[in-house]
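Student: To start, I am sharing the structure in question, which I have written as structure tokens.
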Amino acid sequence: MRILGISGSLRRDSHNTALLRAAAELLPPGVELELFDGLKAIPPYDADYDVPGRLDPAVEALKEAIAAADAVLIATPEYNHSIPGVLKNALDWASRPVKDNVLRGKPAAVIGASTGLFGAVWSQAEVRKVLQAIGAVVVDRELPVMQAHAQFDEYGNLHEEDLRGQLAEHVAALVEAAGDRDCAPA
Ligand SMILES: Cc1cc2nc3c(=O)[nH]c(=O)nc-3n(C[C@H](O)[C@H](O)[C@H](O)COP(=O)(O)O)c2cc1C
């Protein structure tokens with residue numbers, strides 16, 4: 001099973017990207033997580049270019065990566081109590097065409113880290129809302145990582161056993177959702 005990890009932060013030393021890397025270390029056997037690294041290249045959404053033959057290659061790469069994955073794990077920072085623009089923009093591109101967009105029916109889960117005390121709970125809730133609007137099968141749980149600057153060691157591992165356990169459970173719930181989908185009658 002392949003999970004596509006999408007970090008909503010472009011920052012080189014992003015705590016959210018680190019969280020996805022930590023998740024990759026906690027996967028059950030037979031599951032791998034690939035990090036999507038093309039978010040920065042995605043242009044602002046423009047319906048005039050959202051037509052066959054005019055799609056930007058960066059948008060095509062995003063759609064292909066999502067389509068090829070069994071599930072999607074998004075790690076989002078919180079910007080002004082909401083979703084970072086680059087992430088919302090990418091989800092907007094992925095949401096079209098409405099009827100058979102690449103996220104429709106796709107198991108998806110959301111985690112988030114912020115340097116404040118709330119662990120990006122608002123932006124996680126908003127990303128889940130947007131994913132639901134798009135038609136993804138969204139795992140109904142959150143993983144708030146607060147004071148993210150203090151949570152990782154120099155190798156990017158989470159200090160706290162408890163947090164590692166929560167992250168492992170979160171990923172396991174996503175894997176289960178993806179497994180259920182594989183077993184569902186056509
Ligand atoms: C434009 C901007 C707005 C922010 N707004 C919030 C916010 O509303 N709530 C919060 O907890 N942190 C906020 N932060 C702090 C981010 O959560 C923090 O920088 C976080 O580490 C960003 O994620 P990253 O490390 O993955 O880049 C904001 C940061 C920026 C740059």
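Within each chain, counting starts at residue 1; across the structure tokens, chains are named A, B, ... in the order shown, with ligands numbered 1 upward in that order.
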Quick one: residues within 8 Å of ligand 1, with only C-alpha atoms and all ligand atoms, as a count of residues only?
Tutor: 32
Student: Among the residues of chain A, find those DSSP assigns to strand (DSSP E) from the backbone and print them as a PyMOL selection string.
Tutor: chain A and resi 2-7+32-35+71-76+107-113+137-138+144-145
Student: Show which residues sit within 8 Å of segment 121-135 of chain A, as a list in words. Count only C-alpha atoms, and ignore same-chain residues fewer than 4 positions away.
Tutor: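 Returned residues: Thr76, Pro77, Glu78, Tyr79, His81, Ser82, Ile83, Lys88, Leu91, Ser95, Val98, Asn101, Leu103, Arg104, Gly105, Lys106, Ala108, Ala109, Val110, Ile111, Gly112, Glu142, Leu143 and Pro144 of chain A.
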Student: For segment 43-54 of chain A, work out the shell of residues within 8 Å, counting only C-alpha atoms and skipping chain neighbours fewer than 2 positions away, then give it as a list in words.
Tutor: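 What passes the distance filter is Ala41, Asp56, Ala58, Val59, Asn89, Ala90, Asp92, Trp93 and Arg96 of chain A.
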Student: Smallest atom-to-atom distance to Ala23 of chain A: which of A:Asp182, A:Asp70, A:Glu169, A:Glu176, using only C-alpha atoms?
Tutor: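 The answer is A:Glu169, which sits nearest to Ala23 of chain A.
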Student: What separation in Å, quoted to one decimal, exists between atom CA of Tyr155 of chain A and atom CA of Ile42 of chain A?
Tutor: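 So the answer is 29.3 Å.
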Student: Running DSSP on the backbone, which parts of segment 22-157 of chain A land in alpha helix (DSSP H), as JSON, numbers by chain?
Tutor: {"A": [22, 23, 24, 57, 58, 59, 60, 61, 62, 63, 64, 65, 66, 67, 68, 85, 86, 87, 88, 89, 90, 91, 92, 93, 94, 121, 122, 123, 124, 125, 126, 127, 128, 129, 130, 131, 132, 133, 134]}
Student: Env of Glu25 of chain A: 9 Å cut, atoms = only C-alpha atoms, seq-sep filter 3 positions within chain, self excluded. Answer as a compact mmCIF listing (two decimals) with N, CA and C atoms, in the first residue's frame.
Tutor:
```
# COMPACT_ATOMS: atom_id res chain seq x y z
N LEU A 20 5.56 14.26 8.79
CA LEU A 20 5.32 13.22 7.78
C LEU A 20 6.47 12.21 7.76
N ARG A 21 7.69 12.73 7.91
CA ARG A 21 8.85 11.81 7.93
C ARG A 21 8.76 10.90 9.16
N ALA A 22 8.30 11.47 10.28
CA ALA A 22 8.14 10.64 11.49
C ALA A 22 7.05 9.59 11.25
N LEU A 33 5.32 5.34 2.57
CA LEU A 33 4.86 6.72 2.44
C LEU A 33 5.84 7.50 1.57
N ASN A 157 13.25 12.73 14.88
CA ASN A 157 12.36 11.79 15.59
C ASN A 157 11.57 12.54 16.66
N ALA A 168 1.21 6.84 15.27
CA ALA A 168 1.10 5.46 14.73
C ALA A 168 -0.37 5.06 14.62
```
Student: Using Å and a single decimal, report how far atom CA of Glu64 of chain A sits from atom CA of Asp100 of chain A.
Tutor: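 If I compute the distance from atom CA of Asp100 of chain A to atom CA of Glu64 of chain A, I get 13.3 Å.
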Student: Which of these residues is nearest to Ala68 of chain A, using only C-alpha atoms: A:Leu4, A:Leu55, A:Leu27, A:Leu19?
Tutor: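 Answer, going by the shortest atom-to-atom distance: A:Leu4.
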Student: For Ala173 of chain A, which residue among A:Glu60, A:Asp140, A:Glu154, A:Glu161 is the nearest when counting only C-alpha atoms?
Tutor: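 Checking each of A:Glu60, A:Asp140, A:Glu154, A:Glu161 against Ala173 of chain A, counting only C-alpha atoms, the winner is A:Asp140.
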